[in-house]
Structure formats: structure tokens, C-alpha cells
Amino acid sequence: MLFVAFGALVLMPLLTGLDTNVALFTAGIGTLIFQLITKRQIPIFLASSFAFIAPIMYGVQTWGIPSTMGGLMAAGCVYVVLATVVKVRGAGFIKRLLPPVVVGPVIIVIGLGLAPVAVNMAIGKTGDGSLVLVEQNTALIISLASLFTTIAVAIFAKGMLKLMPILAGISVGYGLSLAFGIVDFSPVANASWIAMPNFVAPEFNWHAILFMIPVAIAPAVEHIGDILAISNVTGKDFIKKPGLHRTLAGDGVATIASSAFGGPPNTTYSEVTGAVTLTKAFNPVIMTWTAITAILLAFVGKLGALMQTIPVPVMGGIMCLLFGSIAAVGLNSLIKNHVDMNEPRNLSIVGVTLVFGIGGMAFGIGSFSLTGISLCGIIAILMNLVLPDNAAAHEKIVSDDLDQI
């Protein structure tokens with residue numbers, strides 16, 4: 001199970017500048033916390049959330065890792081608040097507050113907002129394009145090989161291999177990088193076999209906190225989808241027992257704990273749910289041992305150093321697919337839920353959200369400013385609450401007329 005999750009688990013900290021060993025440790029701790037809160041009833045594994053990549057990259061550059069961790073801790077608290085509201089008012093509250101017309105465009109922004117970073121890394125540059133790390137032609141060969149391997153495995157592979165496209169892409173790209181001689185093994189040689197992960201204590205900066213809180217919107221909705229998926233796989237309704245309020249709280253407390261150690265926020269992993277589907281391994285105790293294994297591997301210093309040797313083009317190639325896929329998930333959310341773009345209200349919410357998010361709109365008062373995903377998330381929610389839903393009102397009138405008839 002850990003092998004299935006490994007590629008995605010370590011890719012996220014590599015992209016954001018966090019420590020891969022800390023990510024392994026916090027994935028294990030987060031999974032154990034989730035099991036404790038949900039009474040170890042759900043066979044699910046928690047690890048690094050891709051939805052937070054762009055905000056973490058921005059946060060680390062703007063405020064540093066400690067303040068970013070403080071912001072992520074606040075985002076985890078949002079889950080706990082949502083869990084409390086779900087407990088009191090029921091799961092329907094989330095659908096009303098975060099309908100597809102809000103969540104869809106926010107997810108699209110999360111994906112497309114990172115497109116320039118993916119392309120820069122694929123052609124051998126740093127994420128911002130300021131430095132050339134690998135010669136462009138060499139970088140393109142490596143990045144495209146990583147990209148097409150990831151696509152091929154996702155589409156054509158069978159069985160367990162189909163669940164590991166990212167790991168396959170990294171392996172092929174890394175092999176080519178070795179052939180081109182662009183891998184530097186000096187960090188591995190200098191690292192100890194057994195070493196303490198580079199834990200980072202959070203600091204609380206209100207700028208970072210207010211920036212991160214709205215980002216929790218998309219992962220919270222994703223969490224519900226993942227719980228429904230594992231419910232279908234196992235034939236048990238985990239929304240009712242242990243309850244959506246417990247699973248949301250488990251995810252939130254796991255994210256709070258992760259950020260307390262300097263790790264990326266946790267989310268339920270669909271890859272592991274796929275592995276559970278294939279193997280029929282429905283016993284949650286398996287995930288307990290998976291978590292313990294991740295914690296033990298976190299103290300292998302040379303493993304973390306080896307992850308750091310993965311060249312930029314390898315990650316860039318996979319990111320081209322990964323971030324595009326995130327945007328496609330947001331688009332699919334709009335399509336699957338039949339969001340009518342002929343309706344001016346829906347068109348306004350989606351249009352403004354996309355342009356504000358991708359265009360980099362920023363609102364500021366004094367030293368505080370909101371930009372990117374955080375801004376467009378807040379704008380989408382406010383527009384949804386303020387703008388009159390004429391379609392819903394029309395449906396209610398028709399329903400009332402039918403009742404009278």
C-alpha cells in the first residue's frame with residue numbers, strides 16, 4: 001500500500017521545498033490519527049495533498065516554511081469546524097455552502113495556476129524560469145519520457161502497476177537522467193543511514209493564516225468524494241458510520257499534526273483506495289502497518305537524500321500531466337453536476353473565479369493582501385451566497401404549482 005502511494009507522497013514535498021522524510025513521517029502519523037478518530041473502521045491512507053502545492057510554494061517564498069506551516073494548521077482547523085457543522089446540521093450544509101459552481105472553478109485554478117511552473121521545470125529551468133538547471137534539449141527528452149510513461153501506465157497498465165503511474169514516470173525519467181549524467185549523488189554519500197527528519201515548528205503569521213484558510217475548500221469536497229469511493233468499494237456506508245463528521249475531523253486533525261512537524265497537509269489517497277479495490281484488502285489494520293512503515297522509513301537519511309537527487313525535468317514532465325489532470329477534475333465537476341453555463345449567475349461565478357485565480361488578481365489593505373487560490377475561493381463563495389439563484393427559484397415555483405395541482 002505504501003509503495004502505491006510513494007510516488008505521489010514524495011513528489012509533493014519535492015515540488016514545494018519541504019522535506020520528504022518529514023512527509024513520510026507525517027503521512028504515517030496522520031493516518032494513525034485518522035484511524036483513532038474514525039475508530040479504525042476505514043481502510044484508507046492519508047498523505048501529501050496536491051491541492052496545496054501552489055499555496056505552499058507561494059507561502060514558502062513569501063513568509064518562509066514556519067509561517068506557511070502555521071497557515072496550514074489553520075486550514076486543518078477549517079476541516080474540524082466543517083466536521084462540527086456537519087455533526088450539528090448534517091452533510092447537506094456543505095453542498096449548500098460549496099456547490100459545484102464554486103468548487104469546480106477553484107479546482108481548475110489550482111491546476112492551471114501551476115502550468116507555467118510545470119513547463120519551466122520540463123524544459124530544465126527552475127519553477128520561476130529564472131535559472132537554467134539542465135540543457136533544454138536534454139531536459140525535454142527526460143521530461144517527455146517521464147510524461148509519456150506516466151500516461152502509458154495510467155491508461156494501458158494492468159493490475160497494481162496501473163495504480164503507480166507517478167512512480168513509473170519518476171523511475172523512467174530518473175533512469176534517463178542517469179544515462180545523461182545529470183544526477184548528483186553527493187547528497188546521498190554525505191547523508192547518514194539513520195537520521196532525524198528535518199522537523200520545522202510552525203509560526204503563526206496572520207497573513208499566511210488568512211491566505212491558507214480558503215484553500216481548504218477544494219480538499220474538503222475531495223475528501224467527501226474519497227469517502228464515498230471507499231464506501232462503494234467495501235460495501236459499507238462510512239458517511240453514516242463512523243460518520244462524515246468523524247472522517248472530516250480525522251483529516252483535519254491529521255493536517256494539523258502534520259503541519260506541527262513541518263510536513264505537507266494530509267488527504268485521503270485515491271491510489272490506495274484503488275489498491276484496496278484490486279486486492280480486496282478491506283482490513284483497516286493493514287493501513288496501520290502501512291503508517292508504521294512510513295514512520296520508520298522517515299528516519300532513513302539516505303532515502304530522503306536520494307529523493308532530493310531527482311532532476312527537475314523528471315518532476316516537470318509529470319507535473320504537466322498532474323496539474324492538467326487537476327484542472328480536468330474541476331471541469332468534470334461542472335459537467336457531471338450539470339452546471340448550466342447559459343445561466344448568467346453560474347457564468348459570472350465561474351468566469352470571475354477563473355480570471356481572478358489564473359490572472360493573479362490581488363486585493364490588499366495595508367500590508368495584507370489576498371491573491372490566487374485564496375482570493376478566488378472567497379470570491380466564489382461570496383458570489384454564490386449573494387447572487388440570486390433564479391433557476392432554483394423557478395424550480396421552487398414550478399414545484400409549488402405542481403403541489404397545488
# chains A, B, ... in the order shown; residues from 1 in each chain; ligands from 1
call {"tool": "select_by_dssp", "arguments": {"residues": "range 26-134 of chain A", "states": "alpha helix (DSSP H)", "output": "ChimeraX atom specification"}}
result
/A:26-37,53-63,65-89,92-97,100-112,115-122
call {"tool": "residues_around", "arguments": {"residues": "Gly235 in chain A", "least_positions_apart": "3", "cutoff": "12 Å", "atoms": "only C-alpha atoms", "output": "PyMOL selection string"}}
result
chain A and resi 42+227-232+238-239+277+280+282
call {"tool": "write_last_selection", "arguments": {"atoms": "N, CA, C and O atoms", "output": "mmCIF file, in the first residue's frame"}}
result
data_model
loop_
_atom_site.group_PDB
_atom_site.id
_atom_site.type_symbol
_atom_site.label_atom_id
_atom_site.label_comp_id
_atom_site.auth_asym_id
_atom_site.auth_seq_id
_atom_site.Cartn_x
_atom_site.Cartn_y
_atom_site.Cartn_z
ATOM 1 N N ILE A 42 -12.073 2.406 8.661
ATOM 2 C CA ILE A 42 -11.976 2.674 7.223
ATOM 3 C C ILE A 42 -10.579 2.307 6.706
ATOM 4 O O ILE A 42 -9.575 2.809 7.208
ATOM 5 N N ILE A 227 -14.328 9.384 0.482
ATOM 6 C CA ILE A 227 -15.041 8.559 1.466
ATOM 7 C C ILE A 227 -16.185 7.800 0.783
ATOM 8 O O ILE A 227 -16.430 6.618 1.085
ATOM 9 N N LEU A 228 -16.863 8.461 -0.149
ATOM 10 C CA LEU A 228 -17.910 7.770 -0.916
ATOM 11 C C LEU A 228 -17.312 6.637 -1.736
ATOM 12 O O LEU A 228 -17.907 5.549 -1.850
ATOM 13 N N ALA A 229 -16.125 6.881 -2.310
ATOM 14 C CA ALA A 229 -15.474 5.863 -3.143
ATOM 15 C C ALA A 229 -15.109 4.625 -2.323
ATOM 16 O O ALA A 229 -15.401 3.491 -2.728
ATOM 17 N N ILE A 230 -14.477 4.820 -1.158
ATOM 18 C CA ILE A 230 -14.092 3.671 -0.336
ATOM 19 C C ILE A 230 -15.331 2.976 0.238
ATOM 20 O O ILE A 230 -15.329 1.760 0.465
ATOM 21 N N SER A 231 -16.420 3.733 0.415
ATOM 22 C CA SER A 231 -17.682 3.124 0.857
ATOM 23 C C SER A 231 -18.216 2.176 -0.208
ATOM 24 O O SER A 231 -18.664 1.057 0.102
ATOM 25 N N ASN A 232 -18.165 2.614 -1.468
ATOM 26 C CA ASN A 232 -18.636 1.762 -2.573
ATOM 27 C C ASN A 232 -17.779 0.514 -2.717
ATOM 28 O O ASN A 232 -18.293 -0.576 -3.005
ATOM 29 N N PHE A 238 -19.643 4.569 5.057
ATOM 30 C CA PHE A 238 -18.820 5.270 6.039
ATOM 31 C C PHE A 238 -19.302 6.698 6.280
ATOM 32 O O PHE A 238 -18.889 7.331 7.248
ATOM 33 N N ILE A 239 -20.176 7.215 5.395
ATOM 34 C CA ILE A 239 -20.765 8.540 5.621
ATOM 35 C C ILE A 239 -21.657 8.501 6.865
ATOM 36 O O ILE A 239 -21.749 9.480 7.611
ATOM 37 N N THR A 277 -9.300 -1.838 -3.765
ATOM 38 C CA THR A 277 -10.271 -2.419 -4.701
ATOM 39 C C THR A 277 -9.701 -3.665 -5.376
ATOM 40 O O THR A 277 -10.390 -4.690 -5.499
ATOM 41 N N LYS A 280 -8.768 -6.459 -2.511
ATOM 42 C CA LYS A 280 -9.840 -6.794 -1.566
ATOM 43 C C LYS A 280 -9.329 -6.810 -0.117
ATOM 44 O O LYS A 280 -9.864 -7.523 0.735
ATOM 45 N N PHE A 282 -9.618 -5.280 2.816
ATOM 46 C CA PHE A 282 -10.525 -4.338 3.471
ATOM 47 C C PHE A 282 -10.204 -4.126 4.952
ATOM 48 O O PHE A 282 -10.864 -3.326 5.612
#
call {"tool": "closest_residue", "arguments": {"among": "A:Val101, A:Ile378, A:Ile335, A:Asp251", "to": "Tyr269 in chain A", "atoms": "only C-alpha atoms"}}
result
A:Asp251
call {"tool": "closest_residue", "arguments": {"among": "A:Phe50, A:Gly173, A:Met307, A:Thr293", "to": "Ile107 in chain A", "atoms": "only C-alpha atoms"}}
result
A:Phe50
call {"tool": "residues_around", "arguments": {"residues": "range 28-38 of chain A", "least_positions_apart": "3", "cutoff": "9 Å", "atoms": "only C-alpha atoms", "output": "JSON, numbers by chain"}}
result
{"A": [23, 24, 25, 41, 42, 43, 44, 45, 46, 47, 241, 242, 243, 246, 247, 249, 250, 251, 252, 253, 254, 255, 256, 257, 258, 266, 267, 268, 284, 287, 288, 290, 291, 292, 293, 294, 295, 296]}
call {"tool": "write_last_selection", "arguments": {"atoms": "N, CA and C atoms", "output": "short mmCIF file (atom, residue, chain, number, x, y, z; two decimals), in the first residue's frame"}}
result
data_model
loop_
_atom_site.label_atom_id
_atom_site.label_comp_id
_atom_site.auth_asym_id
_atom_site.auth_seq_id
_atom_site.Cartn_x
_atom_site.Cartn_y
_atom_site.Cartn_z
N ALA A 23 7.60 14.32 5.27
CA ALA A 23 6.33 13.95 4.62
C ALA A 23 5.98 12.49 4.88
N LEU A 24 6.98 11.60 4.85
CA LEU A 24 6.75 10.19 5.18
C LEU A 24 6.28 10.05 6.63
N PHE A 25 6.96 10.75 7.52
CA PHE A 25 6.62 10.69 8.94
C PHE A 25 5.20 11.18 9.19
N GLN A 41 -12.12 2.09 11.40
CA GLN A 41 -13.14 1.37 10.64
C GLN A 41 -12.93 1.46 9.13
N ILE A 42 -12.07 2.41 8.66
CA ILE A 42 -11.98 2.67 7.22
C ILE A 42 -10.58 2.31 6.71
N PRO A 43 -10.48 1.45 5.68
CA PRO A 43 -9.17 1.08 5.11
C PRO A 43 -8.66 2.15 4.15
N ILE A 44 -8.12 3.21 4.72
CA ILE A 44 -7.71 4.35 3.89
C ILE A 44 -6.38 4.90 4.42
N PHE A 45 -5.59 5.48 3.51
CA PHE A 45 -4.26 6.00 3.86
C PHE A 45 -4.22 7.49 3.54
N LEU A 46 -3.62 8.27 4.44
CA LEU A 46 -3.52 9.73 4.26
C LEU A 46 -2.08 10.11 3.94
N ALA A 47 -1.92 11.04 2.99
CA ALA A 47 -0.57 11.52 2.65
C ALA A 47 -0.68 12.89 1.98
N LYS A 241 -21.53 5.66 9.26
CA LYS A 241 -20.76 5.07 10.35
C LYS A 241 -19.34 4.81 9.88
N PRO A 242 -18.36 5.46 10.45
CA PRO A 242 -18.36 6.28 11.67
C PRO A 242 -18.97 7.67 11.51
N GLY A 243 -19.29 8.10 10.27
CA GLY A 243 -19.91 9.40 10.06
C GLY A 243 -18.97 10.38 9.37
N ARG A 246 -16.81 12.56 11.58
CA ARG A 246 -15.59 11.95 12.11
C ARG A 246 -14.47 11.90 11.06
N THR A 247 -14.83 11.57 9.80
CA THR A 247 -13.80 11.48 8.76
C THR A 247 -13.21 12.86 8.45
N ALA A 249 -13.12 15.39 10.58
CA ALA A 249 -12.31 15.75 11.74
C ALA A 249 -10.98 15.01 11.72
N GLY A 250 -11.01 13.73 11.32
CA GLY A 250 -9.78 12.95 11.24
C GLY A 250 -8.81 13.54 10.25
N ASP A 251 -9.32 13.95 9.08
CA ASP A 251 -8.49 14.58 8.05
C ASP A 251 -7.92 15.90 8.57
N GLY A 252 -8.77 16.67 9.25
CA GLY A 252 -8.34 17.97 9.75
C GLY A 252 -7.29 17.87 10.85
N VAL A 253 -7.50 16.99 11.81
CA VAL A 253 -6.53 16.83 12.91
C VAL A 253 -5.23 16.26 12.37
N ALA A 254 -5.32 15.37 11.37
CA ALA A 254 -4.11 14.83 10.73
C ALA A 254 -3.31 15.94 10.06
N THR A 255 -4.01 16.88 9.41
CA THR A 255 -3.33 18.02 8.77
C THR A 255 -2.72 18.95 9.81
N ILE A 256 -3.43 19.16 10.91
CA ILE A 256 -2.89 19.99 12.00
C ILE A 256 -1.61 19.36 12.56
N ALA A 257 -1.65 18.05 12.79
CA ALA A 257 -0.49 17.35 13.32
C ALA A 257 0.68 17.39 12.33
N SER A 258 0.35 17.22 11.04
CA SER A 258 1.39 17.23 10.00
C SER A 258 2.10 18.58 9.97
N ASN A 266 -2.36 16.63 4.92
CA ASN A 266 -2.76 15.27 4.53
C ASN A 266 -4.10 15.25 3.83
N THR A 267 -4.27 14.25 2.98
CA THR A 267 -5.57 13.99 2.36
C THR A 267 -5.69 12.49 2.11
N THR A 268 -6.91 12.02 1.96
CA THR A 268 -7.12 10.60 1.67
C THR A 268 -6.63 10.29 0.26
N PRO A 284 -8.70 -2.55 8.02
CA PRO A 284 -8.00 -1.29 8.33
C PRO A 284 -6.66 -1.49 9.03
N MET A 287 -3.65 -0.70 6.99
CA MET A 287 -3.26 0.71 6.91
C MET A 287 -2.48 1.15 8.16
N THR A 288 -2.76 0.49 9.29
CA THR A 288 -1.99 0.78 10.50
C THR A 288 -0.52 0.41 10.28
N THR A 290 0.93 0.04 7.38
CA THR A 290 1.44 0.92 6.32
C THR A 290 1.95 2.23 6.93
N ALA A 291 1.16 2.77 7.85
CA ALA A 291 1.54 4.02 8.52
C ALA A 291 2.81 3.85 9.35
N ILE A 292 2.90 2.74 10.08
CA ILE A 292 4.09 2.48 10.90
C ILE A 292 5.33 2.34 10.02
N THR A 293 5.17 1.67 8.87
CA THR A 293 6.29 1.52 7.92
C THR A 293 6.75 2.88 7.41
N ALA A 294 5.81 3.75 7.09
CA ALA A 294 6.15 5.10 6.61
C ALA A 294 6.94 5.87 7.68
N ILE A 295 6.51 5.75 8.93
CA ILE A 295 7.20 6.44 10.03
C ILE A 295 8.63 5.92 10.17
N LEU A 296 8.82 4.61 10.09
CA LEU A 296 10.16 4.03 10.20
C LEU A 296 11.07 4.47 9.05
#
call {"tool": "atom_distance", "arguments": {"atom1": "CA of Ile123 in chain A", "atom2": "CA of Ala139 in chain A"}}
result
5.2 Å
call {"tool": "closest_residue", "arguments": {"among": "A:Thr309, A:Ser333, A:Asn384, A:Ser49", "to": "Val188 in chain A", "atoms": "only C-alpha atoms"}}
result
A:Thr309
call {"tool": "closest_residue", "arguments": {"among": "A:Pro202, A:Gly301, A:Pro214, A:Pro197", "to": "Val78 in chain A", "atoms": "only C-alpha atoms"}}
result
A:Pro214
call {"tool": "residues_around", "arguments": {"residues": "Ala145 in chain A", "least_positions_apart": "6", "cutoff": "10 Å", "atoms": "only C-alpha atoms", "output": "list in words"}}
result
Ala139, Ile151, Gly169, Ile170, Val172, Gly173, Tyr174, Leu176, Pro313, Val314, Gly317 and Ile318 of chain A
call {"tool": "atom_distance", "arguments": {"atom1": "CA of Leu322 in chain A", "atom2": "CA of Thr150 in chain A"}}
result
9.6 Å
call {"tool": "atom_distance", "arguments": {"atom1": "CA of Ile65 in chain A", "atom2": "CA of Ala5 in chain A"}}
result
24.2 Å
call {"tool": "closest_residue", "arguments": {"among": "A:Ala27, A:Val233, A:Ile217, A:Val285", "to": "Lys95 in chain A", "atoms": "only C-alpha atoms"}}
result
A:Ile217
call {"tool": "residues_around", "arguments": {"residues": "Lys87 in chain A", "least_positions_apart": "4", "cutoff": "9 Å", "atoms": "only C-alpha atoms", "output": "VMD selection string"}}
result
chain A and resid 82 to 83 91 243 to 246
call {"tool": "write_last_selection", "arguments": {"atoms": "N, CA and C atoms", "output": "mmCIF file, in the first residue's frame"}}
result
data_model
loop_
_atom_site.group_PDB
_atom_site.id
_atom_site.type_symbol
_atom_site.label_atom_id
_atom_site.label_comp_id
_atom_site.auth_asym_id
_atom_site.auth_seq_id
_atom_site.Cartn_x
_atom_site.Cartn_y
_atom_site.Cartn_z
ATOM 1 N N LEU A 82 -15.818 22.434 9.876
ATOM 2 C CA LEU A 82 -16.788 21.814 8.960
ATOM 3 C C LEU A 82 -17.347 20.527 9.559
ATOM 4 N N ALA A 83 -16.487 19.739 10.205
ATOM 5 C CA ALA A 83 -16.934 18.496 10.833
ATOM 6 C C ALA A 83 -17.966 18.781 11.914
ATOM 7 N N ALA A 91 -24.835 16.698 6.495
ATOM 8 C CA ALA A 91 -23.903 16.841 5.367
ATOM 9 C C ALA A 91 -24.429 17.771 4.280
ATOM 10 N N GLY A 243 -19.290 8.099 10.272
ATOM 11 C CA GLY A 243 -19.906 9.405 10.063
ATOM 12 C C GLY A 243 -18.974 10.376 9.366
ATOM 13 N N LEU A 244 -19.539 11.206 8.488
ATOM 14 C CA LEU A 244 -18.749 12.183 7.755
ATOM 15 C C LEU A 244 -18.079 13.176 8.707
ATOM 16 N N HIS A 245 -18.739 13.495 9.820
ATOM 17 C CA HIS A 245 -18.140 14.434 10.772
ATOM 18 C C HIS A 245 -16.849 13.873 11.360
ATOM 19 N N ARG A 246 -16.807 12.559 11.577
ATOM 20 C CA ARG A 246 -15.588 11.948 12.110
ATOM 21 C C ARG A 246 -14.473 11.896 11.063
#
call {"tool": "closest_residue", "arguments": {"among": "A:Gln136, A:Thr126, A:Asn342, A:Thr16", "to": "Tyr58 in chain A", "atoms": "only C-alpha atoms"}}
result
A:Thr16
call {"tool": "closest_atom_pairs", "arguments": {"of": "range 46-123 of chain A", "to": "range 351-370 of chain A", "cutoff": "12 Å", "atoms": "only C-alpha atoms", "output": "JSON lines"}}
result
{"residue": "A:Ala54", "atom": "CA", "partner": "A:Gly357", "partner_atom": "CA", "distance": 11.3}
{"residue": "A:Pro55", "atom": "CA", "partner": "A:Leu370", "partner_atom": "CA", "distance": 11.4}
{"residue": "A:Tyr58", "atom": "CA", "partner": "A:Leu370", "partner_atom": "CA", "distance": 11.6}
{"residue": "A:Gly59", "atom": "CA", "partner": "A:Leu370", "partner_atom": "CA", "distance": 11.8}
{"residue": "A:Thr62", "atom": "CA", "partner": "A:Ser369", "partner_atom": "CA", "distance": 11.6}
{"residue": "A:Val101", "atom": "CA", "partner": "A:Thr353", "partner_atom": "CA", "distance": 9.9}
{"residue": "A:Val102", "atom": "CA", "partner": "A:Thr353", "partner_atom": "CA", "distance": 8.4}
{"residue": "A:Val103", "atom": "CA", "partner": "A:Thr353", "partner_atom": "CA", "distance": 10.0}
{"residue": "A:Gly104", "atom": "CA", "partner": "A:Thr353", "partner_atom": "CA", "distance": 9.8}
{"residue": "A:Pro105", "atom": "CA", "partner": "A:Leu354", "partner_atom": "CA", "distance": 6.1}
{"residue": "A:Val106", "atom": "CA", "partner": "A:Thr353", "partner_atom": "CA", "distance": 6.9}
{"residue": "A:Ile107", "atom": "CA", "partner": "A:Leu354", "partner_atom": "CA", "distance": 9.7}
{"residue": "A:Ile108", "atom": "CA", "partner": "A:Leu354", "partner_atom": "CA", "distance": 7.5}
{"residue": "A:Val109", "atom": "CA", "partner": "A:Gly357", "partner_atom": "CA", "distance": 5.7}
{"residue": "A:Ile110", "atom": "CA", "partner": "A:Gly357", "partner_atom": "CA", "distance": 8.2}
{"residue": "A:Gly111", "atom": "CA", "partner": "A:Ile358", "partner_atom": "CA", "distance": 9.4}
{"residue": "A:Leu112", "atom": "CA", "partner": "A:Ile358", "partner_atom": "CA", "distance": 6.9}
{"residue": "A:Gly113", "atom": "CA", "partner": "A:Ile358", "partner_atom": "CA", "distance": 5.2}
{"residue": "A:Leu114", "atom": "CA", "partner": "A:Ile358", "partner_atom": "CA", "distance": 8.9}
{"residue": "A:Ala115", "atom": "CA", "partner": "A:Ile358", "partner_atom": "CA", "distance": 9.7}
{"residue": "A:Pro116", "atom": "CA", "partner": "A:Ile358", "partner_atom": "CA", "distance": 10.8}
call {"tool": "write_last_selection", "arguments": {"atoms": "C-alpha atoms", "output": "PDB file, in the first residue's frame"}}
result
ATOM      1  CA  ALA A  54       0.554  26.245  -5.263  1.00  0.00           C
ATOM      2  CA  PRO A  55      -0.327  27.862  -1.900  1.00  0.00           C
ATOM      3  CA  TYR A  58       3.757  30.856  -2.614  1.00  0.00           C
ATOM      4  CA  GLY A  59       3.779  30.715   1.192  1.00  0.00           C
ATOM      5  CA  THR A  62       6.667  34.876   0.816  1.00  0.00           C
ATOM      6  CA  VAL A 101     -20.321  26.034  -9.333  1.00  0.00           C
ATOM      7  CA  VAL A 102     -17.978  27.148  -6.527  1.00  0.00           C
ATOM      8  CA  VAL A 103     -15.721  24.116  -6.165  1.00  0.00           C
ATOM      9  CA  GLY A 104     -15.303  23.378  -9.909  1.00  0.00           C
ATOM     10  CA  PRO A 105     -13.588  26.626 -10.948  1.00  0.00           C
ATOM     11  CA  VAL A 106     -11.461  26.700  -7.770  1.00  0.00           C
ATOM     12  CA  ILE A 107     -10.086  23.237  -8.623  1.00  0.00           C
ATOM     13  CA  ILE A 108      -9.441  24.396 -12.208  1.00  0.00           C
ATOM     14  CA  VAL A 109      -7.453  27.362 -10.850  1.00  0.00           C
ATOM     15  CA  ILE A 110      -5.402  25.028  -8.614  1.00  0.00           C
ATOM     16  CA  GLY A 111      -4.357  23.071 -11.712  1.00  0.00           C
ATOM     17  CA  LEU A 112      -3.898  25.759 -14.351  1.00  0.00           C
ATOM     18  CA  GLY A 113      -2.323  28.262 -11.983  1.00  0.00           C
ATOM     19  CA  LEU A 114       0.734  25.994 -11.847  1.00  0.00           C
ATOM     20  CA  ALA A 115       1.008  25.385 -15.606  1.00  0.00           C
ATOM     21  CA  PRO A 116       3.967  27.797 -16.093  1.00  0.00           C
TER      22      PRO A 116
END
